[in-house]
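J.: Dropping in data-v1.cif, which is mmCIF, N, CA and C atoms:
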data_target
loop_
_atom_site.label_atom_id
_atom_site.label_comp_id
_atom_site.auth_asym_id
_atom_site.auth_seq_id
_atom_site.Cartn_x
_atom_site.Cartn_y
_atom_site.Cartn_z
N LEU A 8 0.83 -1.19 0.00
CA LEU A 8 0.00 0.00 0.00
C LEU A 8 0.87 1.25 0.00
N LEU A 9 0.40 2.26 -0.68
CA LEU A 9 1.06 3.56 -0.69
C LEU A 9 0.83 4.23 0.66
N THR A 10 1.89 4.64 1.32
CA THR A 10 1.77 5.27 2.64
C THR A 10 2.36 6.66 2.71
N SER A 11 2.98 7.14 1.61
CA SER A 11 3.62 8.45 1.63
C SER A 11 3.63 9.05 0.23
N LEU A 12 3.51 10.37 0.16
CA LEU A 12 3.60 11.10 -1.11
C LEU A 12 4.91 11.87 -1.19
N THR A 13 5.84 11.52 -0.33
CA THR A 13 7.16 12.14 -0.34
C THR A 13 7.77 12.02 -1.72
N GLY A 14 8.35 13.10 -2.21
CA GLY A 14 8.96 13.11 -3.53
C GLY A 14 8.13 13.84 -4.56
N LEU A 15 6.89 14.18 -4.20
CA LEU A 15 6.01 14.90 -5.12
C LEU A 15 5.97 16.39 -4.80
N ASP A 16 6.81 16.83 -3.90
CA ASP A 16 6.74 18.20 -3.40
C ASP A 16 7.13 19.27 -4.41
N ASN A 17 7.64 18.91 -5.57
CA ASN A 17 7.94 19.90 -6.60
C ASN A 17 6.81 20.11 -7.60
N LEU A 18 5.76 19.32 -7.49
CA LEU A 18 4.61 19.49 -8.39
C LEU A 18 3.85 20.76 -8.03
N THR A 19 3.54 21.58 -9.03
CA THR A 19 2.75 22.79 -8.78
C THR A 19 1.39 22.73 -9.46
N SER A 20 1.26 21.87 -10.46
CA SER A 20 0.01 21.75 -11.20
C SER A 20 -0.17 20.30 -11.63
N ILE A 21 -1.41 19.85 -11.63
CA ILE A 21 -1.75 18.51 -12.10
C ILE A 21 -2.55 18.67 -13.39
N GLY A 22 -2.08 18.04 -14.47
CA GLY A 22 -2.73 18.17 -15.77
C GLY A 22 -4.02 17.39 -15.91
N GLY A 23 -4.27 16.47 -15.03
CA GLY A 23 -5.48 15.65 -15.07
C GLY A 23 -6.12 15.62 -13.70
N SER A 24 -6.63 14.46 -13.35
CA SER A 24 -7.33 14.28 -12.07
C SER A 24 -6.42 13.64 -11.03
N ILE A 25 -6.78 13.83 -9.78
CA ILE A 25 -6.14 13.14 -8.66
C ILE A 25 -7.19 12.24 -8.03
N VAL A 26 -6.83 10.98 -7.85
CA VAL A 26 -7.70 10.03 -7.17
C VAL A 26 -6.93 9.48 -5.98
N VAL A 27 -7.46 9.68 -4.79
CA VAL A 27 -6.85 9.18 -3.56
C VAL A 27 -7.83 8.16 -2.99
N ALA A 28 -7.55 6.88 -3.24
CA ALA A 28 -8.45 5.82 -2.80
C ALA A 28 -7.70 4.50 -2.75
N GLY A 29 -8.12 3.64 -1.86
CA GLY A 29 -7.57 2.29 -1.79
C GLY A 29 -6.10 2.23 -1.46
N ASN A 30 -5.67 3.09 -0.54
CA ASN A 30 -4.26 3.11 -0.17
C ASN A 30 -4.14 3.24 1.34
N GLY A 31 -2.94 3.38 1.83
CA GLY A 31 -2.70 3.51 3.26
C GLY A 31 -2.38 4.92 3.70
N LEU A 32 -2.67 5.92 2.86
CA LEU A 32 -2.35 7.31 3.21
C LEU A 32 -3.22 7.81 4.36
N THR A 33 -2.59 8.45 5.33
CA THR A 33 -3.34 9.11 6.40
C THR A 33 -3.29 10.62 6.25
N THR A 34 -2.40 11.11 5.40
CA THR A 34 -2.25 12.54 5.14
C THR A 34 -1.83 12.74 3.68
N LEU A 35 -2.02 13.94 3.19
CA LEU A 35 -1.62 14.27 1.82
C LEU A 35 -0.37 15.13 1.80
N SER A 36 0.40 15.06 2.87
CA SER A 36 1.67 15.77 2.94
C SER A 36 2.54 15.35 1.76
N GLY A 37 3.14 16.34 1.12
CA GLY A 37 3.93 16.11 -0.08
C GLY A 37 3.31 16.79 -1.29
N LEU A 38 2.05 17.22 -1.12
CA LEU A 38 1.34 17.89 -2.22
C LEU A 38 1.22 19.39 -1.98
N GLU A 39 1.95 19.92 -1.03
CA GLU A 39 1.81 21.31 -0.61
C GLU A 39 2.07 22.35 -1.69
N SER A 40 2.83 22.00 -2.72
CA SER A 40 3.17 22.96 -3.78
C SER A 40 2.12 23.04 -4.89
N ILE A 41 1.16 22.13 -4.87
CA ILE A 41 0.13 22.13 -5.92
C ILE A 41 -0.82 23.30 -5.72
N THR A 42 -1.00 24.08 -6.78
CA THR A 42 -1.94 25.21 -6.73
C THR A 42 -3.14 25.00 -7.63
N SER A 43 -3.02 24.13 -8.64
CA SER A 43 -4.16 23.90 -9.54
C SER A 43 -4.23 22.45 -9.99
N ILE A 44 -5.47 21.99 -10.14
CA ILE A 44 -5.76 20.65 -10.64
C ILE A 44 -6.66 20.83 -11.85
N ASN A 45 -6.16 20.43 -13.02
CA ASN A 45 -6.90 20.67 -14.26
C ASN A 45 -7.94 19.60 -14.58
N GLY A 46 -8.13 18.70 -13.66
CA GLY A 46 -9.16 17.68 -13.75
C GLY A 46 -9.95 17.68 -12.45
N GLY A 47 -10.36 16.51 -12.02
CA GLY A 47 -11.11 16.39 -10.78
C GLY A 47 -10.24 15.97 -9.61
N LEU A 48 -10.80 16.10 -8.42
CA LEU A 48 -10.16 15.63 -7.20
C LEU A 48 -11.14 14.68 -6.53
N TYR A 49 -10.76 13.42 -6.42
CA TYR A 49 -11.62 12.39 -5.87
C TYR A 49 -10.91 11.76 -4.68
N ILE A 50 -11.50 11.90 -3.52
CA ILE A 50 -10.89 11.40 -2.29
C ILE A 50 -11.89 10.48 -1.60
N GLY A 51 -11.53 9.22 -1.49
CA GLY A 51 -12.40 8.28 -0.81
C GLY A 51 -12.16 6.86 -1.23
N SER A 52 -13.02 6.00 -0.81
CA SER A 52 -12.96 4.60 -1.19
C SER A 52 -14.37 4.16 -1.53
N SER A 53 -14.50 2.96 -1.94
CA SER A 53 -15.83 2.46 -2.28
C SER A 53 -16.53 1.96 -1.02
N PRO A 54 -17.85 1.91 -1.04
CA PRO A 54 -18.58 1.40 0.13
C PRO A 54 -18.20 -0.03 0.47
N GLN A 55 -17.66 -0.77 -0.49
CA GLN A 55 -17.29 -2.16 -0.26
C GLN A 55 -15.97 -2.29 0.50
N SER A 56 -15.18 -1.22 0.56
CA SER A 56 -13.89 -1.27 1.24
C SER A 56 -14.10 -1.33 2.75
N ILE A 57 -13.55 -2.32 3.36
CA ILE A 57 -13.69 -2.48 4.80
C ILE A 57 -12.90 -1.37 5.50
N GLY A 58 -13.56 -0.61 6.35
CA GLY A 58 -12.91 0.45 7.11
C GLY A 58 -12.78 1.77 6.37
N GLY A 59 -13.10 1.80 5.09
CA GLY A 59 -13.02 3.05 4.34
C GLY A 59 -11.58 3.49 4.14
N ASN A 60 -11.41 4.76 3.85
CA ASN A 60 -10.11 5.36 3.59
C ASN A 60 -9.51 5.81 4.93
N PRO A 61 -8.23 5.51 5.21
CA PRO A 61 -7.62 5.90 6.49
C PRO A 61 -7.20 7.37 6.57
N LEU A 62 -7.49 8.16 5.55
CA LEU A 62 -7.07 9.55 5.51
C LEU A 62 -7.68 10.33 6.68
N THR A 63 -6.82 11.00 7.46
CA THR A 63 -7.29 11.75 8.62
C THR A 63 -7.26 13.26 8.40
N SER A 64 -6.58 13.70 7.33
CA SER A 64 -6.44 15.13 7.08
C SER A 64 -6.25 15.38 5.58
N LEU A 65 -6.75 16.53 5.12
CA LEU A 65 -6.52 16.96 3.74
C LEU A 65 -5.34 17.93 3.69
N SER A 66 -4.67 18.08 4.81
CA SER A 66 -3.49 18.94 4.86
C SER A 66 -2.51 18.47 3.79
N GLY A 67 -2.03 19.42 3.03
CA GLY A 67 -1.21 19.13 1.86
C GLY A 67 -1.87 19.72 0.63
N LEU A 68 -3.18 19.93 0.72
CA LEU A 68 -3.93 20.55 -0.38
C LEU A 68 -4.24 22.02 -0.07
N ASP A 69 -3.62 22.56 0.96
CA ASP A 69 -3.90 23.92 1.43
C ASP A 69 -3.68 25.01 0.38
N ASN A 70 -2.78 24.79 -0.57
CA ASN A 70 -2.47 25.80 -1.57
C ASN A 70 -3.23 25.64 -2.88
N VAL A 71 -4.08 24.63 -2.96
CA VAL A 71 -4.88 24.44 -4.18
C VAL A 71 -5.94 25.53 -4.23
N SER A 72 -5.91 26.31 -5.31
CA SER A 72 -6.89 27.39 -5.46
C SER A 72 -7.89 27.10 -6.57
N SER A 73 -7.59 26.12 -7.44
CA SER A 73 -8.56 25.81 -8.49
C SER A 73 -8.57 24.33 -8.83
N ILE A 74 -9.78 23.82 -9.01
CA ILE A 74 -10.03 22.47 -9.50
C ILE A 74 -10.99 22.62 -10.66
N LEU A 75 -10.58 22.24 -11.87
CA LEU A 75 -11.42 22.46 -13.04
C LEU A 75 -12.48 21.38 -13.23
N GLY A 76 -12.31 20.25 -12.56
CA GLY A 76 -13.28 19.16 -12.66
C GLY A 76 -14.10 19.04 -11.39
N ASP A 77 -14.61 17.85 -11.17
CA ASP A 77 -15.43 17.57 -9.99
C ASP A 77 -14.58 17.47 -8.73
N LEU A 78 -15.21 17.75 -7.61
CA LEU A 78 -14.61 17.52 -6.30
C LEU A 78 -15.52 16.53 -5.58
N SER A 79 -14.96 15.39 -5.20
CA SER A 79 -15.74 14.37 -4.52
C SER A 79 -14.97 13.86 -3.32
N VAL A 80 -15.60 13.93 -2.15
CA VAL A 80 -15.00 13.42 -0.92
C VAL A 80 -16.04 12.51 -0.27
N GLY A 81 -15.71 11.23 -0.13
CA GLY A 81 -16.67 10.31 0.46
C GLY A 81 -16.00 9.08 1.03
N TRP A 82 -16.71 8.41 1.92
CA TRP A 82 -16.23 7.17 2.54
C TRP A 82 -14.87 7.38 3.22
N ASN A 83 -14.79 8.47 3.94
CA ASN A 83 -13.58 8.80 4.71
C ASN A 83 -13.96 8.91 6.18
N ASN A 84 -14.12 7.78 6.83
CA ASN A 84 -14.60 7.76 8.21
C ASN A 84 -13.69 8.50 9.18
N SER A 85 -12.40 8.60 8.88
CA SER A 85 -11.46 9.24 9.80
C SER A 85 -11.27 10.72 9.52
N LEU A 86 -11.80 11.20 8.42
CA LEU A 86 -11.64 12.60 8.02
C LEU A 86 -12.69 13.46 8.73
N THR A 87 -12.24 14.49 9.44
CA THR A 87 -13.16 15.30 10.23
C THR A 87 -13.25 16.75 9.78
N SER A 88 -12.42 17.16 8.82
CA SER A 88 -12.40 18.55 8.42
C SER A 88 -12.02 18.70 6.95
N LEU A 89 -12.60 19.72 6.31
CA LEU A 89 -12.28 20.06 4.93
C LEU A 89 -11.55 21.40 4.85
N THR A 90 -11.05 21.89 5.97
CA THR A 90 -10.46 23.23 6.02
C THR A 90 -9.27 23.41 5.07
N ALA A 91 -8.59 22.35 4.72
CA ALA A 91 -7.46 22.47 3.80
C ALA A 91 -7.90 22.93 2.42
N LEU A 92 -9.19 22.84 2.13
CA LEU A 92 -9.71 23.24 0.82
C LEU A 92 -10.28 24.66 0.82
N GLU A 93 -10.08 25.40 1.88
CA GLU A 93 -10.71 26.72 1.98
C GLU A 93 -10.13 27.76 1.03
N ASN A 94 -9.02 27.47 0.35
CA ASN A 94 -8.47 28.41 -0.64
C ASN A 94 -9.03 28.20 -2.04
N LEU A 95 -9.94 27.26 -2.20
CA LEU A 95 -10.54 27.04 -3.52
C LEU A 95 -11.36 28.24 -3.96
N ASN A 96 -11.21 28.62 -5.22
CA ASN A 96 -12.02 29.71 -5.78
C ASN A 96 -13.17 29.15 -6.57
#
The structure given in the file should be rewritten as structure tokens.
T.:
Amino acid sequence: LLTSLTGLDNLTSIGGSIVVAGNGLTTLSGLESITSINGGLYIGSSPQSIGGNPLTSLSGLDNVSSILGDLSVGWNNSLTSLTALENLN
């Protein structure tokens, strides 16, 4: 399972979508330099996944100001706040 996004800290823009699902991530640390996503942002797991997504924070997405596609957050039982997305326009 993917447990870290270390090494992605130089990315400033994503040309497509980001899907965070079916992994062992508890945080999105490593994505702090991203300011725009030119596709969608999908965070969650399927209802069939036992225990859902272990993500506890969206911290790391604090600098994202635009998402050109859909934003979907679901099946994240441990996630308690969306404040990291407050810079979205």
J.: Can you list, as a list of chain:residue names, every protein, DNA or RNA residue that comes within 7 Å of A:Ser64 when you count all atoms listed in the file, leaving out same-chain residues fewer than 3 positions away?
T.: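 My reading of the contact set: A:Thr33, A:Thr34, A:Leu35, A:Pro61, A:Gly67, A:Ser85, A:Leu86, A:Thr87, A:Ser88.
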J.: Have a look at atom CA of A:Gly14 and atom C of A:Asn45 and let me know their distance in Å, one decimal.
T.: 21.2 Å
J.: Evaluate the PyMOL selection byres ((chain A and resi 79) around 8) on the structure here and hand back the selected residues as a count of residues only.
T.: 11
J.: Between atom CA of A:Ile74 and atom CA of A:Leu8, what is the distance, to one decimal in Å?
T.: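 So the two atoms, atom CA of A:Ile74 and atom CA of A:Leu8, lie 26.4 Å apart.
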J.: Would you mind reading off the distance between atom C of A:Ser43 and atom N of A:Leu18, one decimal, in Å?
T.: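 So the two atoms, atom C of A:Ser43 and atom N of A:Leu18, lie 10.8 Å apart.
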J.: Let's see if you can do this: from backbone DSSP, list all strand (DSSP E) residues in chain A, as number ranges by chain.
T.: A: 20-21, 25-27, 43-44, 48-51, 73-74, 78-81
J.: Of the residues A:Gly46, A:Leu9, A:Glu93, A:Ser40, which is the one nearest to A:Gly22, using only N, CA and C atoms?
T.: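 For A:Gly22, the nearest of the candidates is A:Gly46.
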J.: In terms of the shortest atom-to-atom distance over all atoms listed in the file, which of A:Val71, A:Leu89, A:Leu65, A:Leu95 is closest to A:Ser36?
T.: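 Of all the options, A:Leu65 lies closest to A:Ser36.
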J.: Give me the residues near A:Asn70 as a PyMOL selection string, where near means some atom within 5 Å (using all atoms listed in the file) and where sequence neighbours in that chain fewer than 2 positions away do not count.
T.: chain A and resi 41-42+68+72
J.: Give the centre and edge lengths of an axis-aligned box, in Å to one decimal, that holds all listed atoms of stretch 32-51 of chain A with 3 Å on each side, as AutoDock Vina command-line options.
T.:
--center_x -4.2 --center_y 15.6 --center_z -4.1 --size_x 22.3 --size_y 25.3 --size_z 27.0
J.: Out of A:Thr63, A:Val27, A:Ile44, A:Leu38, which residue has the shortest atom-to-atom distance to A:Leu12 when counting only C-alpha atoms?
T.: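 Closest residue, counting only C-alpha atoms: A:Leu38.
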J.: Using the chain letters and numbers from this file, what does the PyMOL selection byres (((chain A and resi 60 and name CA) around 7) and name CA) select? Give the answer as a list in words.
T.: Ala28, Gly29, Gly51, Ser52, Gly58, Gly59, Pro61, Leu62, Trp82, Asn83 and Asn84 of chain A
J.: Please, could you write that set of residues out with N, CA and C atoms as a compact mmCIF listing (two decimals), in the coordinates of the input?
T.:
# COMPACT_ATOMS: atom_id res chain seq x y z
N ALA A 28 -7.55 6.88 -3.24
CA ALA A 28 -8.45 5.82 -2.80
C ALA A 28 -7.70 4.50 -2.75
N GLY A 29 -8.12 3.64 -1.86
CA GLY A 29 -7.57 2.29 -1.79
C GLY A 29 -6.10 2.23 -1.46
N GLY A 51 -11.53 9.22 -1.49
CA GLY A 51 -12.40 8.28 -0.81
C GLY A 51 -12.16 6.86 -1.23
N SER A 52 -13.02 6.00 -0.81
CA SER A 52 -12.96 4.60 -1.19
C SER A 52 -14.37 4.16 -1.53
N GLY A 58 -13.56 -0.61 6.35
CA GLY A 58 -12.91 0.45 7.11
C GLY A 58 -12.78 1.77 6.37
N GLY A 59 -13.10 1.80 5.09
CA GLY A 59 -13.02 3.05 4.34
C GLY A 59 -11.58 3.49 4.14
N PRO A 61 -8.23 5.51 5.21
CA PRO A 61 -7.62 5.90 6.49
C PRO A 61 -7.20 7.37 6.57
N LEU A 62 -7.49 8.16 5.55
CA LEU A 62 -7.07 9.55 5.51
C LEU A 62 -7.68 10.33 6.68
N TRP A 82 -16.71 8.41 1.92
CA TRP A 82 -16.23 7.17 2.54
C TRP A 82 -14.87 7.38 3.22
N ASN A 83 -14.79 8.47 3.94
CA ASN A 83 -13.58 8.80 4.71
C ASN A 83 -13.96 8.91 6.18
N ASN A 84 -14.12 7.78 6.83
CA ASN A 84 -14.60 7.76 8.21
C ASN A 84 -13.69 8.50 9.18
J.: For A:Ser11, which residue out of A:Leu92, A:Val26, A:Leu75, A:Leu32 is the nearest one, using all atoms listed in the file?
T.: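 Closest residue, counting all atoms listed in the file: A:Leu32.
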